[in-house]
Amino acid sequence: MISTSSVVDYAEKVRQQVRPERYEHVLRVAELAAQIAAANGLDQEKAYLAAILHDAARDLSAERLQQLAPPENDIERQNPLALHGRAGRRLAQEWGIEDEEVLEAIEGHVYGVDPEHKIGMALYIADVSEPGRGVNQEIREMALAGQLEQAYQKAVICKVRYLQKKGIAPHPRTWAAYQALRAKPDEQ
């Protein structure tokens, strides 16, 4: 069990690392991730903690991101912001987080996660659909109605299509998740 005081401590560490607007986003994602977890029979505390930590590295310099998470491909070299999930995982580990499910969710919120990783799916959905973004209400509603897998599938497909419309190449891990989800017969 995760103590409330430790979550408050982690939230304060994140608050000190990010801009105020980003911290407000983090809090909205944490609330939504916990709600999605509850609606889908998942551990709310883990979902909340992963969400509190998910953007801990988001406002770091490109140099610091690359120190925490050395680039592994051209997309990461050209766009260091793509490293913020892996860098956030490293920060969480440095701060004492050992729960692999939480760490994988933090890392995977940028790229997508394996569909077996339910906490990671809840965080991914919460991040792309939190009300402050003003988009993806349908995805949020699906997840809150207990349709986690369908909401996740829709979220990944929407993200890739958005990137394609902007002329941005998806990260290889995002592309792999997209291809795997599109191959499923229930894709909408």
# chains A, B, ... in the order shown; residues from 1 in each chain; ligands from 1

$ select_by_dssp --residues "chain A" --states "alpha helix (DSSP H)" --output "ChimeraX atom specification"
/A:4-17,20-39,44-53,62-68,74-78,84-94,100-111,118-129,137-144,148-165,172-182

$ residues_around --residues "Glu21 in chain A" --least-positions-apart "4" --cutoff "12 Å" --atoms "only C-alpha atoms" --output "PyMOL selection string"
chain A and resi 15+17+25-28+55+58-59+132-133

$ residues_around --residues "range 106-121 of chain A" --least-positions-apart "2" --cutoff "6 Å" --atoms "only C-alpha atoms" --output "list of chain:residue names"
A:Ala47, A:Ala50, A:His54, A:Gly85, A:Arg86, A:Arg89, A:Leu103, A:Glu104, A:Leu123, A:Tyr124, A:Arg173, A:Thr174

$ residues_around --residues "Gln137 in chain A" --least-positions-apart "4" --cutoff "12 Å" --atoms "only C-alpha atoms" --output "MDAnalysis selection string"
chainID A and resid 32 125:133 141:144 151 154:155

$ write_last_selection --atoms "C-alpha atoms" --output "short mmCIF file (atom, residue, chain, number, x, y, z; two decimals), in the first residue's frame"
data_model
loop_
_atom_site.label_atom_id
_atom_site.label_comp_id
_atom_site.auth_asym_id
_atom_site.auth_seq_id
_atom_site.Cartn_x
_atom_site.Cartn_y
_atom_site.Cartn_z
CA LEU A 32 -8.76 10.86 -13.85
CA ILE A 125 -5.88 7.35 -21.49
CA ALA A 126 -6.00 9.84 -18.62
CA ASP A 127 -3.10 11.80 -20.09
CA VAL A 128 -4.64 12.14 -23.56
CA SER A 129 -8.19 12.75 -22.36
CA GLU A 130 -8.03 14.80 -19.16
CA PRO A 131 -10.67 17.55 -19.30
CA GLY A 132 -8.16 20.41 -19.39
CA ARG A 133 -7.03 19.31 -22.85
CA GLU A 141 -16.12 8.30 -21.20
CA MET A 142 -15.37 4.84 -22.60
CA ALA A 143 -12.66 4.27 -19.99
CA LEU A 144 -14.89 5.52 -17.18
CA ALA A 151 -10.59 3.31 -24.95
CA LYS A 154 -8.95 4.39 -29.69
CA ALA A 155 -6.45 6.62 -27.84
#

$ atom_distance --atom1 "CA of Ala34 in chain A" --atom2 "CA of Lys184 in chain A"
26.9 Å

$ closest_residue --among "A:Ala145, A:Leu81, A:Ala56, A:Ala105" --to "Lys13 in chain A" --atoms "only C-alpha atoms"
A:Ala56

$ residues_around --residues "Trp95 in chain A" --least-positions-apart "3" --cutoff "10 Å" --atoms "only C-alpha atoms" --output "MDAnalysis selection string"
chainID A and resid 9:10 13 89:92 98

$ write_last_selection --atoms "all heavy atoms" --output "mmCIF file, in the first residue's frame"
data_model
loop_
_atom_site.group_PDB
_atom_site.id
_atom_site.type_symbol
_atom_site.label_atom_id
_atom_site.label_comp_id
_atom_site.auth_asym_id
_atom_site.auth_seq_id
_atom_site.Cartn_x
_atom_site.Cartn_y
_atom_site.Cartn_z
ATOM 1 N N ASP A 9 4.509 13.775 -0.852
ATOM 2 C CA ASP A 9 5.930 14.088 -1.040
ATOM 3 C C ASP A 9 6.323 14.027 -2.513
ATOM 4 O O ASP A 9 7.034 14.911 -3.015
ATOM 5 C CB ASP A 9 6.815 13.125 -0.244
ATOM 6 C CG ASP A 9 6.692 13.313 1.264
ATOM 7 O OD1 ASP A 9 6.202 14.377 1.710
ATOM 8 O OD2 ASP A 9 7.078 12.381 1.998
ATOM 9 N N TYR A 10 5.864 12.999 -3.215
ATOM 10 C CA TYR A 10 6.176 12.879 -4.644
ATOM 11 C C TYR A 10 5.529 14.017 -5.431
ATOM 12 O O TYR A 10 6.142 14.579 -6.338
ATOM 13 C CB TYR A 10 5.722 11.528 -5.200
ATOM 14 C CG TYR A 10 6.514 10.366 -4.664
ATOM 15 C CD1 TYR A 10 5.883 9.288 -4.077
ATOM 16 C CD2 TYR A 10 7.912 10.348 -4.734
ATOM 17 C CE1 TYR A 10 6.600 8.211 -3.577
ATOM 18 C CE2 TYR A 10 8.640 9.283 -4.238
ATOM 19 C CZ TYR A 10 7.987 8.215 -3.657
ATOM 20 O OH TYR A 10 8.702 7.155 -3.165
ATOM 21 N N LYS A 13 7.648 17.039 -5.072
ATOM 22 C CA LYS A 13 8.861 16.950 -5.901
ATOM 23 C C LYS A 13 8.532 17.310 -7.348
ATOM 24 O O LYS A 13 9.273 18.043 -8.001
ATOM 25 C CB LYS A 13 9.445 15.541 -5.844
ATOM 26 C CG LYS A 13 10.148 15.202 -4.541
ATOM 27 C CD LYS A 13 10.658 13.760 -4.591
ATOM 28 C CE LYS A 13 11.214 13.306 -3.281
ATOM 29 N NZ LYS A 13 12.608 13.651 -3.097
ATOM 30 N N ARG A 89 10.748 8.012 -15.605
ATOM 31 C CA ARG A 89 10.946 6.714 -14.930
ATOM 32 C C ARG A 89 12.224 6.747 -14.103
ATOM 33 O O ARG A 89 12.247 6.314 -12.955
ATOM 34 C CB ARG A 89 11.000 5.593 -15.969
ATOM 35 C CG ARG A 89 11.278 4.225 -15.367
ATOM 36 C CD ARG A 89 11.596 3.173 -16.438
ATOM 37 N NE ARG A 89 11.861 1.908 -15.802
ATOM 38 C CZ ARG A 89 11.091 0.822 -15.928
ATOM 39 N NH1 ARG A 89 10.020 0.854 -16.683
ATOM 40 N NH2 ARG A 89 11.408 -0.288 -15.298
ATOM 41 N N ARG A 90 13.302 7.258 -14.705
ATOM 42 C CA ARG A 90 14.581 7.346 -13.989
ATOM 43 C C ARG A 90 14.473 8.231 -12.754
ATOM 44 O O ARG A 90 14.988 7.893 -11.692
ATOM 45 C CB ARG A 90 15.676 7.881 -14.909
ATOM 46 C CG ARG A 90 16.219 6.898 -15.909
ATOM 47 C CD ARG A 90 17.161 5.866 -15.307
ATOM 48 N NE ARG A 90 18.199 6.424 -14.463
ATOM 49 C CZ ARG A 90 19.336 6.980 -14.868
ATOM 50 N NH1 ARG A 90 19.610 7.050 -16.163
ATOM 51 N NH2 ARG A 90 20.210 7.454 -14.016
ATOM 52 N N LEU A 91 13.808 9.385 -12.888
ATOM 53 C CA LEU A 91 13.609 10.256 -11.720
ATOM 54 C C LEU A 91 12.844 9.522 -10.628
ATOM 55 O O LEU A 91 13.217 9.586 -9.452
ATOM 56 C CB LEU A 91 12.854 11.527 -12.110
ATOM 57 C CG LEU A 91 13.615 12.613 -12.838
ATOM 58 C CD1 LEU A 91 12.679 13.767 -13.183
ATOM 59 C CD2 LEU A 91 14.798 13.102 -12.021
ATOM 60 N N ALA A 92 11.767 8.849 -11.022
ATOM 61 C CA ALA A 92 10.960 8.107 -10.039
ATOM 62 C C ALA A 92 11.821 7.067 -9.321
ATOM 63 O O ALA A 92 11.711 6.895 -8.094
ATOM 64 C CB ALA A 92 9.757 7.459 -10.722
ATOM 65 N N GLU A 98 10.002 1.715 -6.670
ATOM 66 C CA GLU A 98 10.498 0.413 -7.115
ATOM 67 C C GLU A 98 9.426 -0.420 -7.805
ATOM 68 O O GLU A 98 9.745 -1.413 -8.442
ATOM 69 C CB GLU A 98 11.049 -0.361 -5.919
ATOM 70 C CG GLU A 98 12.241 0.309 -5.267
ATOM 71 C CD GLU A 98 12.728 -0.419 -4.028
ATOM 72 O OE1 GLU A 98 12.024 -1.336 -3.539
ATOM 73 O OE2 GLU A 98 13.816 -0.060 -3.545
#

$ residues_around --residues "range 162-170 of chain A" --least-positions-apart "5" --cutoff "10 Å" --atoms "only C-alpha atoms" --output "JSON, numbers by chain"
{"A": [75, 82, 111, 156, 157, 175, 176, 178]}

$ closest_residue --among "A:Ala57, A:Ile36, A:Ile52, A:Val102" --to "Leu83 in chain A" --atoms "only C-alpha atoms"
A:Ala57

$ atom_distance --atom1 "CA of Leu53 in chain A" --atom2 "CA of Glu101 in chain A"
12.7 Å

$ atom_distance --atom1 "CA of Gln16 in chain A" --atom2 "CA of Gly88 in chain A"
13.9 Å

$ closest_residue --among "A:Asn79, A:Gln150, A:Ile97, A:Leu60" --to "Arg22 in chain A" --atoms "only C-alpha atoms"
A:Leu60

$ closest_residue --among "A:Glu31, A:Leu49, A:Val7, A:Pro80" --to "Glu63 in chain A" --atoms "only C-alpha atoms"
A:Pro80
